[in-house]
>>> print(open('final.pdb').read())   # PDB, C-alpha atoms
ATOM      1  CA  MET Z   1     -41.617  31.507 150.207
ATOM      2  CA  THR Z   2     -38.905  33.602 148.561
ATOM      3  CA  LYS Z   3     -35.638  33.848 150.421
ATOM      4  CA  THR Z   4     -34.699  37.407 151.325
ATOM      5  CA  SER Z   5     -31.346  38.361 149.807
ATOM      6  CA  LEU Z   6     -29.190  40.671 151.873
ATOM      7  CA  SER Z   7     -25.796  42.094 151.001
ATOM      8  CA  PRO Z   8     -22.791  40.272 152.549
ATOM      9  CA  ILE Z   9     -22.030  43.426 154.539
ATOM     10  CA  VAL Z  10     -24.895  45.211 156.284
ATOM     11  CA  ALA Z  11     -24.766  48.929 157.056
ATOM     12  CA  GLY Z  12     -25.784  49.477 160.676
ATOM     13  CA  THR Z  13     -27.461  52.846 161.127
ATOM     14  CA  MET Z  14     -27.472  53.007 164.939
ATOM     15  CA  SER Z  15     -24.630  55.553 164.988
ATOM     16  CA  TRP Z  16     -25.807  57.654 162.023
ATOM     17  CA  GLY Z  17     -28.185  59.783 164.067
ATOM     18  CA  ILE Z  18     -28.147  61.652 167.358
ATOM     19  CA  TRP Z  19     -26.589  58.768 169.315
ATOM     20  CA  ASP Z  20     -23.213  59.354 167.630
ATOM     21  CA  LYS Z  21     -22.421  60.927 164.256
ATOM     22  CA  ASN Z  22     -25.529  63.140 164.139
ATOM     23  CA  LEU Z  23     -25.418  63.213 160.339
ATOM     24  CA  ASN Z  24     -27.548  65.850 158.681
ATOM     25  CA  GLN Z  25     -29.847  64.896 155.801
ATOM     26  CA  LYS Z  26     -27.248  65.562 153.082
ATOM     27  CA  GLU Z  27     -24.540  63.622 154.955
ATOM     28  CA  MET Z  28     -26.903  60.708 155.513
ATOM     29  CA  GLU Z  29     -27.885  60.742 151.845
ATOM     30  CA  ASN Z  30     -24.175  60.690 150.956
ATOM     31  CA  MET Z  31     -23.619  57.705 153.287
ATOM     32  CA  ILE Z  32     -26.429  55.801 151.549
ATOM     33  CA  HIS Z  33     -24.806  56.488 148.159
ATOM     34  CA  ILE Z  34     -21.344  55.439 149.416
ATOM     35  CA  CYS Z  35     -22.782  52.188 150.769
ATOM     36  CA  LEU Z  36     -24.550  51.380 147.508
ATOM     37  CA  GLU Z  37     -21.456  52.245 145.447
ATOM     38  CA  ASN Z  38     -19.582  49.687 147.552
ATOM     39  CA  LYS Z  39     -22.260  47.001 147.117
ATOM     40  CA  ILE Z  40     -23.561  47.427 150.662
ATOM     41  CA  THR Z  41     -27.260  47.348 149.864
ATOM     42  CA  THR Z  42     -28.732  46.292 153.220
ATOM     43  CA  PHE Z  43     -29.420  48.849 155.953
ATOM     44  CA  ASP Z  44     -30.083  47.767 159.530
ATOM     45  CA  HIS Z  45     -32.400  49.893 161.654
ATOM     46  CA  ALA Z  46     -34.283  49.674 164.909
ATOM     47  CA  ASP Z  47     -37.163  51.851 165.976
ATOM     48  CA  ILE Z  48     -35.222  52.893 169.113
ATOM     49  CA  TYR Z  49     -32.096  54.161 167.310
ATOM     50  CA  GLY Z  50     -31.444  57.809 168.007
ATOM     51  CA  SER Z  51     -34.075  57.752 170.734
ATOM     52  CA  TYR Z  52     -36.708  56.956 168.077
ATOM     53  CA  THR Z  53     -35.416  59.508 165.516
ATOM     54  CA  THR Z  54     -32.910  57.783 163.195
ATOM     55  CA  GLU Z  55     -35.420  55.924 161.017
ATOM     56  CA  ALA Z  56     -37.204  59.173 160.149
ATOM     57  CA  ALA Z  57     -33.898  60.930 159.422
ATOM     58  CA  PHE Z  58     -32.846  58.040 157.164
ATOM     59  CA  GLY Z  59     -36.260  58.111 155.473
ATOM     60  CA  LYS Z  60     -35.894  61.786 154.606
ATOM     61  CA  ALA Z  61     -32.388  61.198 153.232
ATOM     62  CA  PHE Z  62     -33.597  58.166 151.269
ATOM     63  CA  ALA Z  63     -36.521  60.124 149.784
ATOM     64  CA  SER Z  64     -34.282  63.013 148.737
ATOM     65  CA  SER Z  65     -31.728  60.602 147.224
ATOM     66  CA  LYS Z  66     -34.166  59.444 144.529
ATOM     67  CA  ILE Z  67     -32.632  55.954 144.836
ATOM     68  CA  SER Z  68     -34.970  53.180 143.733
ATOM     69  CA  ARG Z  69     -36.271  51.141 146.677
ATOM     70  CA  GLU Z  70     -35.463  47.960 144.743
ATOM     71  CA  LYS Z  71     -31.733  48.766 145.009
ATOM     72  CA  MET Z  72     -31.671  48.263 148.781
ATOM     73  CA  GLN Z  73     -32.947  46.062 151.548
ATOM     74  CA  LEU Z  74     -34.252  47.516 154.786
ATOM     75  CA  ILE Z  75     -34.203  45.710 158.119
ATOM     76  CA  SER Z  76     -35.805  47.056 161.262
ATOM     77  CA  LYS Z  77     -36.139  45.772 164.781
ATOM     78  CA  CYS Z  78     -38.841  46.392 167.356
ATOM     79  CA  GLY Z  79     -39.744  45.529 170.918
ATOM     80  CA  ILE Z  80     -37.426  47.508 173.180
ATOM     81  CA  GLN Z  81     -39.226  50.345 174.937
ATOM     82  CA  LEU Z  82     -36.782  53.075 175.957
ATOM     83  CA  VAL Z  83     -37.537  55.961 178.243
ATOM     84  CA  SER Z  84     -37.389  58.875 175.812
ATOM     85  CA  GLU Z  85     -38.834  62.313 175.307
ATOM     86  CA  ASN Z  86     -40.133  60.896 171.996
ATOM     87  CA  ARG Z  87     -42.335  58.253 173.676
ATOM     88  CA  THR Z  88     -44.545  58.029 176.734
ATOM     89  CA  ASN Z  89     -42.539  55.151 178.254
ATOM     90  CA  THR Z  90     -41.765  55.659 181.935
ATOM     91  CA  ILE Z  91     -39.696  52.489 182.404
ATOM     92  CA  LYS Z  92     -37.449  50.520 180.053
ATOM     93  CA  HIS Z  93     -39.196  47.291 179.089
ATOM     94  CA  TYR Z  94     -40.106  45.098 176.110
ATOM     95  CA  ASN Z  95     -43.389  45.004 174.211
ATOM     96  CA  TYR Z  96     -44.194  42.112 171.887
ATOM     97  CA  SER Z  97     -47.957  42.418 171.901
ATOM     98  CA  LYS Z  98     -49.672  41.900 168.544
ATOM     99  CA  ASP Z  99     -50.908  45.502 168.462
ATOM    100  CA  TYR Z 100     -47.496  46.927 169.312
ATOM    101  CA  ILE Z 101     -45.602  44.871 166.710
ATOM    102  CA  ILE Z 102     -48.070  45.927 164.007
ATOM    103  CA  TRP Z 103     -47.999  49.577 165.117
ATOM    104  CA  SER Z 104     -44.198  49.555 165.268
ATOM    105  CA  VAL Z 105     -43.840  48.167 161.739
ATOM    106  CA  GLU Z 106     -46.339  50.658 160.359
ATOM    107  CA  ASN Z 107     -44.493  53.475 162.134
ATOM    108  CA  SER Z 108     -41.134  52.274 160.776
ATOM    109  CA  LEU Z 109     -42.587  52.122 157.255
ATOM    110  CA  LYS Z 110     -43.842  55.702 157.590
ATOM    111  CA  ASN Z 111     -40.511  56.893 159.004
ATOM    112  CA  LEU Z 112     -38.396  55.053 156.426
ATOM    113  CA  GLN Z 113     -40.735  56.222 153.634
ATOM    114  CA  THR Z 114     -41.233  52.744 152.210
ATOM    115  CA  ASP Z 115     -44.088  50.284 151.746
ATOM    116  CA  TYR Z 116     -42.337  47.216 153.149
ATOM    117  CA  LEU Z 117     -39.455  45.914 155.227
ATOM    118  CA  ASP Z 118     -37.310  43.198 153.743
ATOM    119  CA  LEU Z 119     -36.772  41.813 157.230
ATOM    120  CA  LEU Z 120     -38.373  42.478 160.599
ATOM    121  CA  LEU Z 121     -36.507  41.336 163.697
ATOM    122  CA  LEU Z 122     -37.649  41.140 167.300
ATOM    123  CA  HIS Z 123     -34.845  43.100 168.946
ATOM    124  CA  ARG Z 124     -34.274  41.149 172.173
ATOM    125  CA  PRO Z 125     -36.172  38.378 173.941
ATOM    126  CA  SER Z 126     -38.637  39.142 176.686
ATOM    127  CA  PRO Z 127     -39.616  36.715 179.439
ATOM    128  CA  LEU Z 128     -43.196  37.916 178.932
ATOM    129  CA  MET Z 129     -43.421  37.373 175.168
ATOM    130  CA  GLN Z 130     -46.315  35.246 173.926
ATOM    131  CA  ALA Z 131     -45.411  33.227 170.818
ATOM    132  CA  ASP Z 132     -49.055  32.969 169.677
ATOM    133  CA  GLU Z 133     -49.505  36.736 169.767
ATOM    134  CA  ILE Z 134     -46.206  37.359 167.971
ATOM    135  CA  ALA Z 135     -47.202  34.844 165.291
ATOM    136  CA  GLU Z 136     -50.559  36.569 164.726
ATOM    137  CA  ALA Z 137     -48.817  39.909 164.171
ATOM    138  CA  ILE Z 138     -46.175  38.452 161.851
ATOM    139  CA  GLU Z 139     -48.677  36.538 159.724
ATOM    140  CA  LYS Z 140     -50.864  39.651 159.357
ATOM    141  CA  LEU Z 141     -47.876  41.827 158.378
ATOM    142  CA  LYS Z 142     -46.682  39.263 155.835
ATOM    143  CA  LYS Z 143     -50.161  38.839 154.370
ATOM    144  CA  GLU Z 144     -50.449  42.624 153.952
ATOM    145  CA  GLY Z 145     -47.008  42.773 152.281
ATOM    146  CA  LYS Z 146     -45.565  45.014 154.986
ATOM    147  CA  ILE Z 147     -42.739  42.579 155.777
ATOM    148  CA  LYS Z 148     -41.099  40.051 153.480
ATOM    149  CA  ALA Z 149     -39.274  38.013 156.132
ATOM    150  CA  PHE Z 150     -39.156  37.675 159.904
ATOM    151  CA  GLY Z 151     -36.403  36.842 162.367
ATOM    152  CA  VAL Z 152     -35.027  37.468 165.824
ATOM    153  CA  SER Z 153     -31.984  39.282 167.200
ATOM    154  CA  ASN Z 154     -30.078  38.387 170.370
ATOM    155  CA  PHE Z 155     -32.259  35.303 171.019
ATOM    156  CA  SER Z 156     -30.919  31.977 172.279
ATOM    157  CA  PRO Z 157     -31.642  28.835 170.230
ATOM    158  CA  MET Z 158     -34.349  27.822 172.739
ATOM    159  CA  GLN Z 159     -36.024  31.254 172.590
ATOM    160  CA  THR Z 160     -35.875  31.163 168.789
ATOM    161  CA  GLU Z 161     -37.464  27.698 168.730
ATOM    162  CA  LEU Z 162     -40.318  28.931 170.952
ATOM    163  CA  ILE Z 163     -41.212  31.534 168.322
ATOM    164  CA  ASN Z 164     -40.471  29.177 165.419
ATOM    165  CA  GLN Z 165     -43.116  26.745 166.709
ATOM    166  CA  LYS Z 166     -45.774  29.362 165.949
ATOM    167  CA  THR Z 167     -44.374  31.273 162.960
ATOM    168  CA  LYS Z 168     -41.382  30.650 160.727
ATOM    169  CA  VAL Z 169     -38.200  32.369 161.893
ATOM    170  CA  GLU Z 170     -36.241  32.952 158.701
TER     171      GLU Z 170
END
>>> encode(input="final.pdb", output="structure tokens")
Amino acid sequence: MTKTSLSPIVAGTMSWGIWDKNLNQKEMENMIHICLENKITTFDHADIYGSYTTEAAFGKAFASSKISREKMQLISKCGIQLVSENRTNTIKHYNYSKDYIIWSVENSLKNLQTDYLDLLLLHRPSPLMQADEIAEAIEKLKKEGKIKAFGVSNFSPMQTELINQKTKVE
């Protein structure tokens, strides 16, 4: 397996959208250019950022920038279910079902206007997560070329090892 190369500094996009800076498309496009000019080529996303709106805003800015996809790496995270006007969630929870992970990645790809993620992360651990089901989703997404690498965020070593027993945590 090829090791995913990320830039030494990663641009976090959580504050680019409506949760903080509320950058418009041109401002977001400018931020992407500034990052790349400064050798920051990796952009960290999560489906929940901006109450499920920041990935799509970034995707529009990326598309209008005409920057080659090969010049950047895109990370996204999934699993946290926020109560939001943009989703039907009625309670904050986590969802690591096979169907949800696959749907979430496909939705992130559509929003980011790309064919693949360089890295998919499970956002936070859930006491209800099933390692076998997570592994099935990850293997399918890798086989289809929708994700290059897989990892976890905010997991303890023991939680990481639980997942790693079923699918490689990179």
>>> resolve_selection(input="final.pdb", expression="the PyMOL selection byres ((chain Z and resi 21-32) around 9)", output="ChimeraX atom specification")
/Z:11,15-20,33-37,40-41,43,50,57-58,60-65
>>> resolve_selection(input="final.pdb", expression="the PyMOL selection byres ((chain Z and resi 169) around 7)", output="list in words")
Phe150, Gly151, Asn164, Thr167, Lys168 and Glu170 of chain Z
>>> resolve_selection(input="final.pdb", expression="the PyMOL selection byres ((chain Z and resi 7) around 8)", output="PyMOL selection string")
chain Z and resi 5-6+8-10+39-42
>>> closest_residue(input="final.pdb", among="Z:Gln130, Z:Ser156, Z:Asn86, Z:Gln73", to="Z:Asp115", atoms="only C-alpha atoms")
Z:Gln73
>>> residues_around(input="final.pdb", residues="Z:Lys146", least_positions_apart="6", cutoff="12 Å", atoms="all atoms listed in the file", output="list in words")
Leu74, Ile75, Ser76, Ile101, Ile102, Trp103, Ser104, Val105, Glu106, Asn107, Ser108, Leu109, Lys110, Thr114, Asp115, Tyr116, Leu117, Asp118, Leu119, Leu120, Ala137, Ile138, Glu139 and Lys140 of chain Z
>>> atom_distance(input="final.pdb", atom1="atom CA of Z:Ser84", atom2="atom CA of Z:Ile163")
28.6 Å
>>> atom_distance(input="final.pdb", atom1="atom CA of Z:Gly12", atom2="atom CA of Z:Ser153")
13.6 Å
>>> atom_distance(input="final.pdb", atom1="atom CA of Z:Val152", atom2="atom CA of Z:Ile67")
28.1 Å
>>> axis_aligned_box(input="final.pdb", around="stretch 78-87 of chain Z", padding_each_side="4 Å", output="JSON")
{"center_x": -39.6, "center_y": 53.9, "center_z": 172.8, "size_x": 13.6, "size_y": 24.8, "size_z": 18.9}
>>> residues_near_point(input="final.pdb", point="(-39.9, 62.5, 174.2)", cutoff="12 Å", atoms="only C-alpha atoms", output="list in words")
Ile48, Gly50, Ser51, Tyr52, Thr53, Leu82, Val83, Ser84, Glu85, Asn86, Arg87, Thr88, Asn89 and Thr90 of chain Z
>>> write_last_selection(input="final.pdb", atoms="C-alpha atoms", output="compact mmCIF listing (two decimals), in the frame of the given file")
# COMPACT_ATOMS: atom_id res chain seq x y z
CA ILE Z 48 -35.22 52.89 169.11
CA GLY Z 50 -31.44 57.81 168.01
CA SER Z 51 -34.08 57.75 170.73
CA TYR Z 52 -36.71 56.96 168.08
CA THR Z 53 -35.42 59.51 165.52
CA LEU Z 82 -36.78 53.08 175.96
CA VAL Z 83 -37.54 55.96 178.24
CA SER Z 84 -37.39 58.88 175.81
CA GLU Z 85 -38.83 62.31 175.31
CA ASN Z 86 -40.13 60.90 172.00
CA ARG Z 87 -42.34 58.25 173.68
CA THR Z 88 -44.54 58.03 176.73
CA ASN Z 89 -42.54 55.15 178.25
CA THR Z 90 -41.76 55.66 181.94
>>> build_atoms(input="final.pdb", residues="stretch 100-116 of chain Z", atoms="N, CA, C and O atoms", output="PDB file, in the frame of the given file")
ATOM      1  N   TYR Z 100     -48.719  46.126 169.340  1.00  0.00           N
ATOM      2  CA  TYR Z 100     -47.496  46.927 169.312  1.00  0.00           C
ATOM      3  C   TYR Z 100     -46.605  46.550 168.125  1.00  0.00           C
ATOM      4  O   TYR Z 100     -46.056  47.427 167.452  1.00  0.00           O
ATOM      5  N   ILE Z 101     -46.444  45.281 167.851  1.00  0.00           N
ATOM      6  CA  ILE Z 101     -45.602  44.871 166.710  1.00  0.00           C
ATOM      7  C   ILE Z 101     -46.150  45.475 165.427  1.00  0.00           C
ATOM      8  O   ILE Z 101     -45.401  46.046 164.629  1.00  0.00           O
ATOM      9  N   ILE Z 102     -47.453  45.369 165.225  1.00  0.00           N
ATOM     10  CA  ILE Z 102     -48.070  45.927 164.007  1.00  0.00           C
ATOM     11  C   ILE Z 102     -47.887  47.436 163.972  1.00  0.00           C
ATOM     12  O   ILE Z 102     -47.481  47.999 162.946  1.00  0.00           O
ATOM     13  N   TRP Z 103     -48.164  48.115 165.068  1.00  0.00           N
ATOM     14  CA  TRP Z 103     -47.999  49.577 165.117  1.00  0.00           C
ATOM     15  C   TRP Z 103     -46.546  49.958 164.831  1.00  0.00           C
ATOM     16  O   TRP Z 103     -46.271  50.901 164.075  1.00  0.00           O
ATOM     17  N   SER Z 104     -45.615  49.241 165.434  1.00  0.00           N
ATOM     18  CA  SER Z 104     -44.198  49.555 165.268  1.00  0.00           C
ATOM     19  C   SER Z 104     -43.769  49.420 163.816  1.00  0.00           C
ATOM     20  O   SER Z 104     -43.053  50.278 163.284  1.00  0.00           O
ATOM     21  N   VAL Z 105     -44.192  48.341 163.155  1.00  0.00           N
ATOM     22  CA  VAL Z 105     -43.840  48.167 161.739  1.00  0.00           C
ATOM     23  C   VAL Z 105     -44.447  49.284 160.905  1.00  0.00           C
ATOM     24  O   VAL Z 105     -43.757  49.885 160.064  1.00  0.00           O
ATOM     25  N   GLU Z 106     -45.699  49.585 161.131  1.00  0.00           N
ATOM     26  CA  GLU Z 106     -46.339  50.658 160.359  1.00  0.00           C
ATOM     27  C   GLU Z 106     -45.647  51.996 160.597  1.00  0.00           C
ATOM     28  O   GLU Z 106     -45.478  52.795 159.671  1.00  0.00           O
ATOM     29  N   ASN Z 107     -45.213  52.245 161.815  1.00  0.00           N
ATOM     30  CA  ASN Z 107     -44.493  53.475 162.134  1.00  0.00           C
ATOM     31  C   ASN Z 107     -43.121  53.490 161.446  1.00  0.00           C
ATOM     32  O   ASN Z 107     -42.707  54.519 160.896  1.00  0.00           O
ATOM     33  N   SER Z 108     -42.431  52.360 161.461  1.00  0.00           N
ATOM     34  CA  SER Z 108     -41.134  52.274 160.776  1.00  0.00           C
ATOM     35  C   SER Z 108     -41.295  52.495 159.268  1.00  0.00           C
ATOM     36  O   SER Z 108     -40.486  53.188 158.654  1.00  0.00           O
ATOM     37  N   LEU Z 109     -42.347  51.920 158.688  1.00  0.00           N
ATOM     38  CA  LEU Z 109     -42.587  52.122 157.255  1.00  0.00           C
ATOM     39  C   LEU Z 109     -42.800  53.601 156.944  1.00  0.00           C
ATOM     40  O   LEU Z 109     -42.251  54.129 155.970  1.00  0.00           O
ATOM     41  N   LYS Z 110     -43.596  54.258 157.775  1.00  0.00           N
ATOM     42  CA  LYS Z 110     -43.842  55.702 157.590  1.00  0.00           C
ATOM     43  C   LYS Z 110     -42.529  56.473 157.719  1.00  0.00           C
ATOM     44  O   LYS Z 110     -42.197  57.308 156.880  1.00  0.00           O
ATOM     45  N   ASN Z 111     -41.769  56.174 158.773  1.00  0.00           N
ATOM     46  CA  ASN Z 111     -40.511  56.893 159.004  1.00  0.00           C
ATOM     47  C   ASN Z 111     -39.484  56.638 157.909  1.00  0.00           C
ATOM     48  O   ASN Z 111     -38.782  57.562 157.486  1.00  0.00           O
ATOM     49  N   LEU Z 112     -39.377  55.403 157.452  1.00  0.00           N
ATOM     50  CA  LEU Z 112     -38.396  55.053 156.426  1.00  0.00           C
ATOM     51  C   LEU Z 112     -38.875  55.415 155.014  1.00  0.00           C
ATOM     52  O   LEU Z 112     -38.116  55.299 154.052  1.00  0.00           O
ATOM     53  N   GLN Z 113     -40.119  55.834 154.900  1.00  0.00           N
ATOM     54  CA  GLN Z 113     -40.735  56.222 153.634  1.00  0.00           C
ATOM     55  C   GLN Z 113     -40.672  55.083 152.613  1.00  0.00           C
ATOM     56  O   GLN Z 113     -40.199  55.232 151.489  1.00  0.00           O
ATOM     57  N   THR Z 114     -41.178  53.936 153.054  1.00  0.00           N
ATOM     58  CA  THR Z 114     -41.233  52.744 152.210  1.00  0.00           C
ATOM     59  C   THR Z 114     -42.535  51.996 152.485  1.00  0.00           C
ATOM     60  O   THR Z 114     -43.205  52.269 153.470  1.00  0.00           O
ATOM     61  N   ASP Z 115     -42.861  51.064 151.606  1.00  0.00           N
ATOM     62  CA  ASP Z 115     -44.088  50.284 151.746  1.00  0.00           C
ATOM     63  C   ASP Z 115     -43.872  48.951 152.445  1.00  0.00           C
ATOM     64  O   ASP Z 115     -44.830  48.287 152.832  1.00  0.00           O
ATOM     65  N   TYR Z 116     -42.606  48.521 152.553  1.00  0.00           N
ATOM     66  CA  TYR Z 116     -42.337  47.216 153.149  1.00  0.00           C
ATOM     67  C   TYR Z 116     -40.940  47.165 153.745  1.00  0.00           C
ATOM     68  O   TYR Z 116     -40.060  47.932 153.359  1.00  0.00           O
TER      69      TYR Z 116
END
